Amino acid sequence: MAFPATWDDGAAEALAALAPGSGPVLLPILAEGWIRRVTARGHRLGLLQGPEEAGSLAEALRALLLARRGAPGLEVWRDRKEDARFVLNLPAFLDPAGGFDAAGYAAAVGTAVQVLDILGHGRSPRLRVGFADLAGLLAAYRLPYDGGEARAVAAALAALTRGAAEAASGRLAERHGALHPVALFWPAPPAETVVPGLAEAARTALDAAAASPGLRHDGCVALAPADAVEALLGAETAGVAPAAGAVRPERDGEGRLVLRPTRAALRAGDVA
């Protein structure tokens with residue numbers, strides 16, 4: 001098993017679950033397999049314009065994976081003939097000062113839309129872009145999961161995700177032709193949240209989507225059950241699920257069952 005030294009044992013178990021067969025697993029080789037499939041298919045179908053765009057997409061996917069910000073679901077790693085999904089790990093977009101990289105998140109959503117469009121041969125009416133570990137993000141800001149401030153953050157993140165995804169679908173429609181109208185009505189994002197700049201980023205993303213001439217997809221966002229990819233990215237909860245608690249059972253180096261703090265609990269002490 002070969003993967004970044006800073007990643008935890010949970011990532012090793014996840015990588016083993018993602019890899020077919022029972023031989024040695026090297027993260028770069030395993031990841032390059034599906035990255036090459038995506039870029040080759042995009043080039044073959046005319047969904048990527050030349051080697052430069054294919055190379056840019058490949059670099060974006062490598063960067064998301066190495067930063068543990070996002071990756072496609074197990075079905076893509078295993079090359080299964082199933083509807084693909086792409087998950088983004090929300091806490092990975094935090095910075096040490098307590099900010100949220102909204103611009104980077106919106107760009108990652110756009111990358112996910114492009115990847116899923118290619119995997120669907122440019123014909124899928126609905127895509128499955130989702131996020132993971134909302135509970136971990138809320139814990140980083142010390143927000144009670146069921147509180148009003150937490151709900152505002154969740155609503156803003158949902159609006160940012162939808163806006164960025166539909167804006168990306170609109171950009172694809174400008175290139176390949178619109179297949180669906182723009183939805184001009186949606187729940188308004190909160191006017192402000194405790195996460196600096198998040199509400200503004202959500203509004204900007206929705207405005208960009210509304211300005212599109214049309215969309216390639218009837219829907220772009222979906223929260224799905226977790227698989228090994230969430231664990232590979234370091235996410236402890238799927239979608240909007242709450243954290244199970246402040247500790248989790250784990251085996252130590254001698255095989256004994258011990259209780260370790262969850263990442264959410266650790267983040268609550270690290271980021272104000």
# chains A, B, ... in the order shown; residues from 1 in each chain; ligands from 1

$ select_by_dssp --residues "region 195-248 of chain A" --states "strand (DSSP E or B)" --output "CSV table (one decimal) with all heavy atoms, in the first residue's frame"
chain,number,residue,atom,x,y,z
A,215,LEU,N,-29.3,24.9,-19.6
A,215,LEU,CA,-28.5,23.9,-18.9
A,215,LEU,C,-28.3,22.6,-19.7
A,215,LEU,O,-29.2,22.3,-20.5
A,215,LEU,CB,-29.1,23.6,-17.5
A,215,LEU,CG,-29.3,24.8,-16.5
A,215,LEU,CD1,-30.0,24.3,-15.3
A,215,LEU,CD2,-28.0,25.5,-16.2
A,219,GLY,N,-30.7,18.2,-13.4
A,219,GLY,CA,-30.3,18.2,-12.0
A,219,GLY,C,-28.9,17.8,-11.8
A,219,GLY,O,-28.4,17.0,-12.6
A,220,CYS,N,-28.2,18.4,-10.9
A,220,CYS,CA,-26.8,18.2,-10.7
A,220,CYS,C,-26.3,17.7,-9.3
A,220,CYS,O,-25.2,17.2,-9.2
A,220,CYS,CB,-26.0,19.5,-11.1
A,220,CYS,SG,-26.2,20.1,-12.8
A,221,VAL,N,-27.2,18.0,-8.3
A,221,VAL,CA,-26.7,17.7,-7.0
A,221,VAL,C,-27.6,16.6,-6.3
A,221,VAL,O,-28.8,16.5,-6.5
A,221,VAL,CB,-26.9,19.0,-6.1
A,221,VAL,CG1,-26.5,18.8,-4.7
A,221,VAL,CG2,-26.1,20.1,-6.7
A,238,ALA,N,-21.5,11.0,6.2
A,238,ALA,CA,-21.9,11.2,4.8
A,238,ALA,C,-22.9,12.3,4.7
A,238,ALA,O,-23.7,12.5,5.6
A,238,ALA,CB,-22.6,9.9,4.4
A,247,VAL,N,-16.3,10.6,20.4
A,247,VAL,CA,-15.3,9.5,20.3
A,247,VAL,C,-15.7,8.4,19.4
A,247,VAL,O,-16.9,8.3,19.1
A,247,VAL,CB,-14.9,9.0,21.7
A,247,VAL,CG1,-14.3,10.0,22.6
A,247,VAL,CG2,-16.2,8.4,22.3
A,248,ARG,N,-14.8,7.6,18.9
A,248,ARG,CA,-15.1,6.5,18.1
A,248,ARG,C,-14.2,5.3,18.4
A,248,ARG,O,-13.1,5.5,18.8
A,248,ARG,CB,-14.9,6.8,16.6
A,248,ARG,CG,-13.5,7.3,16.2
A,248,ARG,CD,-13.5,7.8,14.8
A,248,ARG,NE,-12.2,8.5,14.5
A,248,ARG,CZ,-11.1,8.0,14.1
A,248,ARG,NH1,-11.0,6.7,14.0
A,248,ARG,NH2,-10.0,8.7,13.9

$ closest_atom_pairs --of "region 205-241 of chain A" --to "region 165-177 of chain A" --cutoff "7 Å" --atoms "only C-alpha atoms" --output "tab-separated table"
residue	atom	partner	partner_atom	distance
A:Ala208	CA	A:Ala167	CA	5.7
A:Ala209	CA	A:Ala167	CA	4.0
A:Ser212	CA	A:Gly170	CA	5.1
A:Pro213	CA	A:Gly170	CA	6.7
A:Gly214	CA	A:Gly170	CA	5.7
A:Leu215	CA	A:Gly170	CA	4.6
A:Arg216	CA	A:Ala173	CA	5.1
A:His217	CA	A:Ser169	CA	6.4
A:Cys220	CA	A:Ala165	CA	6.1

$ write_last_selection --atoms "C-alpha atoms" --output "short mmCIF file (atom, residue, chain, number, x, y, z; two decimals), in the first residue's frame"
data_model
loop_
_atom_site.label_atom_id
_atom_site.label_comp_id
_atom_site.auth_asym_id
_atom_site.auth_seq_id
_atom_site.Cartn_x
_atom_site.Cartn_y
_atom_site.Cartn_z
CA ALA A 208 -24.18 32.95 -12.24
CA ALA A 209 -26.48 29.96 -12.73
CA SER A 212 -26.91 30.86 -18.06
CA PRO A 213 -28.64 30.56 -21.46
CA GLY A 214 -29.76 27.06 -20.52
CA LEU A 215 -28.46 23.91 -18.85
CA ARG A 216 -27.13 20.58 -20.03
CA HIS A 217 -28.65 18.79 -17.04
CA CYS A 220 -26.75 18.20 -10.74
#

$ closest_residue --among "A:Asp133, A:Asp218, A:Gly122, A:Pro196" --to "Leu48 (chain A)" --atoms "only C-alpha atoms"
A:Gly122

$ residues_around --residues "Leu116 (chain A)" --least-positions-apart "4" --cutoff "9 Å" --atoms "only C-alpha atoms" --output "MDAnalysis selection string"
chainID A and resid 38 72 83:86 111:112 120:122 124 127:129

$ atom_distance --atom1 "CA of Ala17 (chain A)" --atom2 "CA of Asp117 (chain A)"
25.2 Å

$ select_by_dssp --residues "region 107-219 of chain A" --states "helix (DSSP H, G or I)" --output "PyMOL selection string"
chain A and resi 107-119+134-140+148-176+198-210

$ residues_around --residues "Ala54 (chain A)" --least-positions-apart "3" --cutoff "10 Å" --atoms "only C-alpha atoms" --output "MDAnalysis selection string"
chainID A and resid 35:36 38:43 47:51 57:60

$ atom_distance --atom1 "CA of Ala164 (chain A)" --atom2 "CA of Gly104 (chain A)"
10.8 Å

$ residues_around --residues "Ala191 (chain A)" --least-positions-apart "4" --cutoff "12 Å" --atoms "only C-alpha atoms" --output "short mmCIF file (atom, residue, chain, number, x, y, z; two decimals) with N, CA, C and O atoms, in the first residue's frame"
data_model
loop_
_atom_site.label_atom_id
_atom_site.label_comp_id
_atom_site.auth_asym_id
_atom_site.auth_seq_id
_atom_site.Cartn_x
_atom_site.Cartn_y
_atom_site.Cartn_z
N GLU A 149 -27.71 28.68 13.71
CA GLU A 149 -26.52 29.08 12.95
C GLU A 149 -26.03 27.93 12.08
O GLU A 149 -25.59 28.14 10.94
N ALA A 152 -28.21 27.66 9.04
CA ALA A 152 -27.89 28.71 8.06
C ALA A 152 -26.66 28.34 7.25
O ALA A 152 -26.62 28.55 6.02
N VAL A 153 -25.65 27.80 7.91
CA VAL A 153 -24.45 27.36 7.19
C VAL A 153 -24.79 26.25 6.20
O VAL A 153 -24.36 26.26 5.05
N ALA A 155 -27.67 25.64 4.79
CA ALA A 155 -28.45 26.18 3.68
C ALA A 155 -27.56 26.93 2.69
O ALA A 155 -27.75 26.82 1.47
N ALA A 156 -26.60 27.67 3.21
CA ALA A 156 -25.69 28.41 2.33
C ALA A 156 -24.81 27.45 1.53
O ALA A 156 -24.56 27.67 0.34
N ALA A 159 -26.89 25.98 -1.23
CA ALA A 159 -27.10 26.95 -2.30
C ALA A 159 -25.83 27.14 -3.12
O ALA A 159 -25.89 27.24 -4.36
N PRO A 187 -34.93 28.25 -3.11
CA PRO A 187 -34.89 28.88 -1.79
C PRO A 187 -33.73 29.87 -1.70
O PRO A 187 -32.61 29.57 -2.09
N VAL A 195 -19.78 31.70 8.89
CA VAL A 195 -18.63 31.39 8.03
C VAL A 195 -18.39 32.59 7.12
O VAL A 195 -19.23 32.91 6.28
N PRO A 196 -17.27 33.28 7.26
CA PRO A 196 -17.05 34.50 6.50
C PRO A 196 -17.14 34.27 4.99
O PRO A 196 -16.52 33.36 4.45
N GLY A 197 -17.94 35.10 4.32
CA GLY A 197 -18.03 35.07 2.87
C GLY A 197 -18.89 33.98 2.28
O GLY A 197 -19.12 33.96 1.06
N LEU A 198 -19.40 33.06 3.10
CA LEU A 198 -20.14 31.92 2.56
C LEU A 198 -21.47 32.34 1.95
O LEU A 198 -21.82 31.90 0.84
N ALA A 199 -22.23 33.18 2.63
CA ALA A 199 -23.52 33.60 2.11
C ALA A 199 -23.35 34.38 0.81
O ALA A 199 -24.11 34.18 -0.15
N GLU A 200 -22.35 35.24 0.75
CA GLU A 200 -22.09 36.01 -0.46
C GLU A 200 -21.70 35.10 -1.62
O GLU A 200 -22.14 35.30 -2.76
N ALA A 201 -20.87 34.10 -1.34
CA ALA A 201 -20.47 33.16 -2.39
C ALA A 201 -21.66 32.37 -2.91
O ALA A 201 -21.76 32.10 -4.12
N ALA A 202 -22.58 32.01 -2.03
CA ALA A 202 -23.78 31.27 -2.45
C ALA A 202 -24.63 32.13 -3.37
O ALA A 202 -25.11 31.66 -4.42
N ARG A 203 -24.83 33.39 -3.00
CA ARG A 203 -25.63 34.28 -3.83
C ARG A 203 -24.98 34.49 -5.20
O ARG A 203 -25.65 34.49 -6.24
#

$ residues_around --residues "Ala132 (chain A)" --least-positions-apart "5" --cutoff "10 Å" --atoms "only C-alpha atoms" --output "tab-separated table (two decimals) with C-alpha atoms, in the first residue's frame"
chain	number	residue	atom	x	y	z
A	69	ARG	CA	-11.00	17.65	-1.10
A	70	GLY	CA	-12.85	15.48	-3.59
A	87	VAL	CA	-18.14	13.72	-3.46
A	88	LEU	CA	-16.51	16.81	-1.94
A	89	ASN	CA	-15.15	16.72	1.61
A	90	LEU	CA	-16.34	19.96	3.24
A	91	PRO	CA	-13.80	20.24	6.10
A	137	LEU	CA	-17.41	21.49	9.23
A	223	LEU	CA	-26.50	13.23	-1.60
A	224	ALA	CA	-25.82	9.50	-1.72
A	225	PRO	CA	-24.84	6.84	0.84
A	226	ALA	CA	-21.14	6.85	1.63
A	230	GLU	CA	-15.48	9.30	2.01
A	233	LEU	CA	-10.88	11.72	1.83
A	234	GLY	CA	-10.98	11.73	5.62
A	235	ALA	CA	-14.70	12.46	5.95
A	236	GLU	CA	-16.32	10.86	8.98
A	237	THR	CA	-19.97	11.40	8.06
A	238	ALA	CA	-21.93	11.17	4.82
A	239	GLY	CA	-23.73	14.20	3.44
A	240	VAL	CA	-25.67	16.05	6.12
A	241	ALA	CA	-25.61	13.20	8.67

$ closest_residue --among "A:Leu179, A:Ala106, A:Ala12, A:Ala97" --to "Val25 (chain A)" --atoms "only C-alpha atoms"
A:Ala12

$ atom_distance --atom1 "CA of Gly33 (chain A)" --atom2 "CA of Ala5 (chain A)"
21.3 Å

$ decode --residues "region 133-164 of chain A" --atoms "N, CA, C and O atoms" --output "mmCIF file, in the first residue's frame"
data_model
loop_
_atom_site.group_PDB
_atom_site.id
_atom_site.type_symbol
_atom_site.label_atom_id
_atom_site.label_comp_id
_atom_site.auth_asym_id
_atom_site.auth_seq_id
_atom_site.Cartn_x
_atom_site.Cartn_y
_atom_site.Cartn_z
ATOM 1 N N ASP A 133 -19.463 15.187 5.270
ATOM 2 C CA ASP A 133 -18.965 15.666 6.563
ATOM 3 C C ASP A 133 -19.367 17.104 6.881
ATOM 4 O O ASP A 133 -18.550 17.905 7.339
ATOM 5 N N LEU A 134 -20.644 17.412 6.650
ATOM 6 C CA LEU A 134 -21.160 18.683 7.141
ATOM 7 C C LEU A 134 -20.952 18.783 8.650
ATOM 8 O O LEU A 134 -20.618 19.856 9.173
ATOM 9 N N ALA A 135 -21.134 17.666 9.354
ATOM 10 C CA ALA A 135 -20.970 17.674 10.809
ATOM 11 C C ALA A 135 -19.555 18.104 11.205
ATOM 12 O O ALA A 135 -19.372 18.846 12.173
ATOM 13 N N GLY A 136 -18.552 17.646 10.458
ATOM 14 C CA GLY A 136 -17.185 18.041 10.759
ATOM 15 C C GLY A 136 -16.950 19.516 10.536
ATOM 16 O O GLY A 136 -16.240 20.174 11.302
ATOM 17 N N LEU A 137 -17.546 20.065 9.490
ATOM 18 C CA LEU A 137 -17.413 21.493 9.226
ATOM 19 C C LEU A 137 -18.069 22.308 10.336
ATOM 20 O O LEU A 137 -17.492 23.296 10.831
ATOM 21 N N LEU A 138 -19.257 21.904 10.742
ATOM 22 C CA LEU A 138 -19.944 22.626 11.812
ATOM 23 C C LEU A 138 -19.171 22.539 13.126
ATOM 24 O O LEU A 138 -19.098 23.512 13.882
ATOM 25 N N ALA A 139 -18.572 21.385 13.374
ATOM 26 C CA ALA A 139 -17.777 21.226 14.599
ATOM 27 C C ALA A 139 -16.581 22.161 14.593
ATOM 28 O O ALA A 139 -16.169 22.665 15.645
ATOM 29 N N ALA A 140 -16.006 22.400 13.421
ATOM 30 C CA ALA A 140 -14.857 23.298 13.330
ATOM 31 C C ALA A 140 -15.225 24.709 13.772
ATOM 32 O O ALA A 140 -14.372 25.441 14.292
ATOM 33 N N TYR A 141 -16.487 25.076 13.577
ATOM 34 C CA TYR A 141 -16.949 26.399 14.010
ATOM 35 C C TYR A 141 -17.675 26.342 15.353
ATOM 36 O O TYR A 141 -18.281 27.333 15.765
ATOM 37 N N ARG A 142 -17.613 25.181 15.996
ATOM 38 C CA ARG A 142 -18.215 24.978 17.312
ATOM 39 C C ARG A 142 -19.706 25.307 17.299
ATOM 40 O O ARG A 142 -20.236 25.925 18.226
ATOM 41 N N LEU A 143 -20.367 24.878 16.251
ATOM 42 C CA LEU A 143 -21.797 25.130 16.119
ATOM 43 C C LEU A 143 -22.573 23.881 16.494
ATOM 44 O O LEU A 143 -22.321 22.808 15.942
ATOM 45 N N PRO A 144 -23.527 23.966 17.405
ATOM 46 C CA PRO A 144 -24.393 22.823 17.682
ATOM 47 C C PRO A 144 -25.093 22.386 16.399
ATOM 48 O O PRO A 144 -25.646 23.224 15.672
ATOM 49 N N TYR A 145 -25.088 21.095 16.153
ATOM 50 C CA TYR A 145 -25.597 20.583 14.876
ATOM 51 C C TYR A 145 -27.036 21.004 14.614
ATOM 52 O O TYR A 145 -27.414 21.280 13.473
ATOM 53 N N ASP A 146 -27.866 21.070 15.658
ATOM 54 C CA ASP A 146 -29.289 21.362 15.477
ATOM 55 C C ASP A 146 -29.626 22.827 15.753
ATOM 56 O O ASP A 146 -30.793 23.175 15.923
ATOM 57 N N GLY A 147 -28.626 23.708 15.780
ATOM 58 C CA GLY A 147 -28.873 25.111 16.064
ATOM 59 C C GLY A 147 -29.171 25.921 14.818
ATOM 60 O O GLY A 147 -28.929 25.500 13.684
ATOM 61 N N GLY A 148 -29.686 27.108 15.007
ATOM 62 C CA GLY A 148 -30.037 27.977 13.904
ATOM 63 C C GLY A 148 -28.841 28.388 13.065
ATOM 64 O O GLY A 148 -28.923 28.462 11.829
ATOM 65 N N GLU A 149 -27.712 28.683 13.706
ATOM 66 C CA GLU A 149 -26.522 29.078 12.948
ATOM 67 C C GLU A 149 -26.026 27.927 12.079
ATOM 68 O O GLU A 149 -25.587 28.143 10.945
ATOM 69 N N ALA A 150 -26.110 26.711 12.605
ATOM 70 C CA ALA A 150 -25.701 25.542 11.815
ATOM 71 C C ALA A 150 -26.621 25.352 10.618
ATOM 72 O O ALA A 150 -26.166 25.038 9.509
ATOM 73 N N ARG A 151 -27.917 25.541 10.815
ATOM 74 C CA ARG A 151 -28.853 25.405 9.688
ATOM 75 C C ARG A 151 -28.585 26.456 8.619
ATOM 76 O O ARG A 151 -28.703 26.180 7.418
ATOM 77 N N ALA A 152 -28.211 27.664 9.037
ATOM 78 C CA ALA A 152 -27.892 28.707 8.060
ATOM 79 C C ALA A 152 -26.665 28.342 7.253
ATOM 80 O O ALA A 152 -26.621 28.545 6.024
ATOM 81 N N VAL A 153 -25.649 27.799 7.912
ATOM 82 C CA VAL A 153 -24.445 27.359 7.193
ATOM 83 C C VAL A 153 -24.795 26.250 6.203
ATOM 84 O O VAL A 153 -24.358 26.256 5.050
ATOM 85 N N ALA A 154 -25.591 25.283 6.646
ATOM 86 C CA ALA A 154 -25.981 24.177 5.768
ATOM 87 C C ALA A 154 -26.762 24.688 4.562
ATOM 88 O O ALA A 154 -26.537 24.241 3.425
ATOM 89 N N ALA A 155 -27.674 25.635 4.785
ATOM 90 C CA ALA A 155 -28.455 26.180 3.678
ATOM 91 C C ALA A 155 -27.564 26.928 2.695
ATOM 92 O O ALA A 155 -27.746 26.820 1.474
ATOM 93 N N ALA A 156 -26.605 27.674 3.208
ATOM 94 C CA ALA A 156 -25.688 28.408 2.328
ATOM 95 C C ALA A 156 -24.812 27.452 1.533
ATOM 96 O O ALA A 156 -24.557 27.673 0.336
ATOM 97 N N LEU A 157 -24.349 26.384 2.163
ATOM 98 C CA LEU A 157 -23.529 25.401 1.452
ATOM 99 C C LEU A 157 -24.343 24.700 0.362
ATOM 100 O O LEU A 157 -23.836 24.467 -0.745
ATOM 101 N N ALA A 158 -25.595 24.373 0.664
ATOM 102 C CA ALA A 158 -26.446 23.745 -0.343
ATOM 103 C C ALA A 158 -26.668 24.686 -1.525
ATOM 104 O O ALA A 158 -26.617 24.272 -2.691
ATOM 105 N N ALA A 159 -26.890 25.977 -1.226
ATOM 106 C CA ALA A 159 -27.096 26.949 -2.303
ATOM 107 C C ALA A 159 -25.829 27.138 -3.120
ATOM 108 O O ALA A 159 -25.890 27.236 -4.360
ATOM 109 N N LEU A 160 -24.686 27.192 -2.449
ATOM 110 C CA LEU A 160 -23.419 27.333 -3.167
ATOM 111 C C LEU A 160 -23.174 26.124 -4.062
ATOM 112 O O LEU A 160 -22.752 26.271 -5.221
ATOM 113 N N THR A 161 -23.448 24.932 -3.550
ATOM 114 C CA THR A 161 -23.249 23.720 -4.337
ATOM 115 C C THR A 161 -24.159 23.704 -5.559
ATOM 116 O O THR A 161 -23.716 23.449 -6.685
ATOM 117 N N ARG A 162 -25.429 24.011 -5.344
ATOM 118 C CA ARG A 162 -26.361 24.004 -6.472
ATOM 119 C C ARG A 162 -26.015 25.103 -7.476
ATOM 120 O O ARG A 162 -25.993 24.861 -8.688
ATOM 121 N N GLY A 163 -25.730 26.295 -6.987
ATOM 122 C CA GLY A 163 -25.414 27.385 -7.893
ATOM 123 C C GLY A 163 -24.177 27.106 -8.715
ATOM 124 O O GLY A 163 -24.156 27.306 -9.935
ATOM 125 N N ALA A 164 -23.114 26.636 -8.055
ATOM 126 C CA ALA A 164 -21.871 26.344 -8.777
ATOM 127 C C ALA A 164 -22.068 25.211 -9.773
ATOM 128 O O ALA A 164 -21.521 25.245 -10.882
#
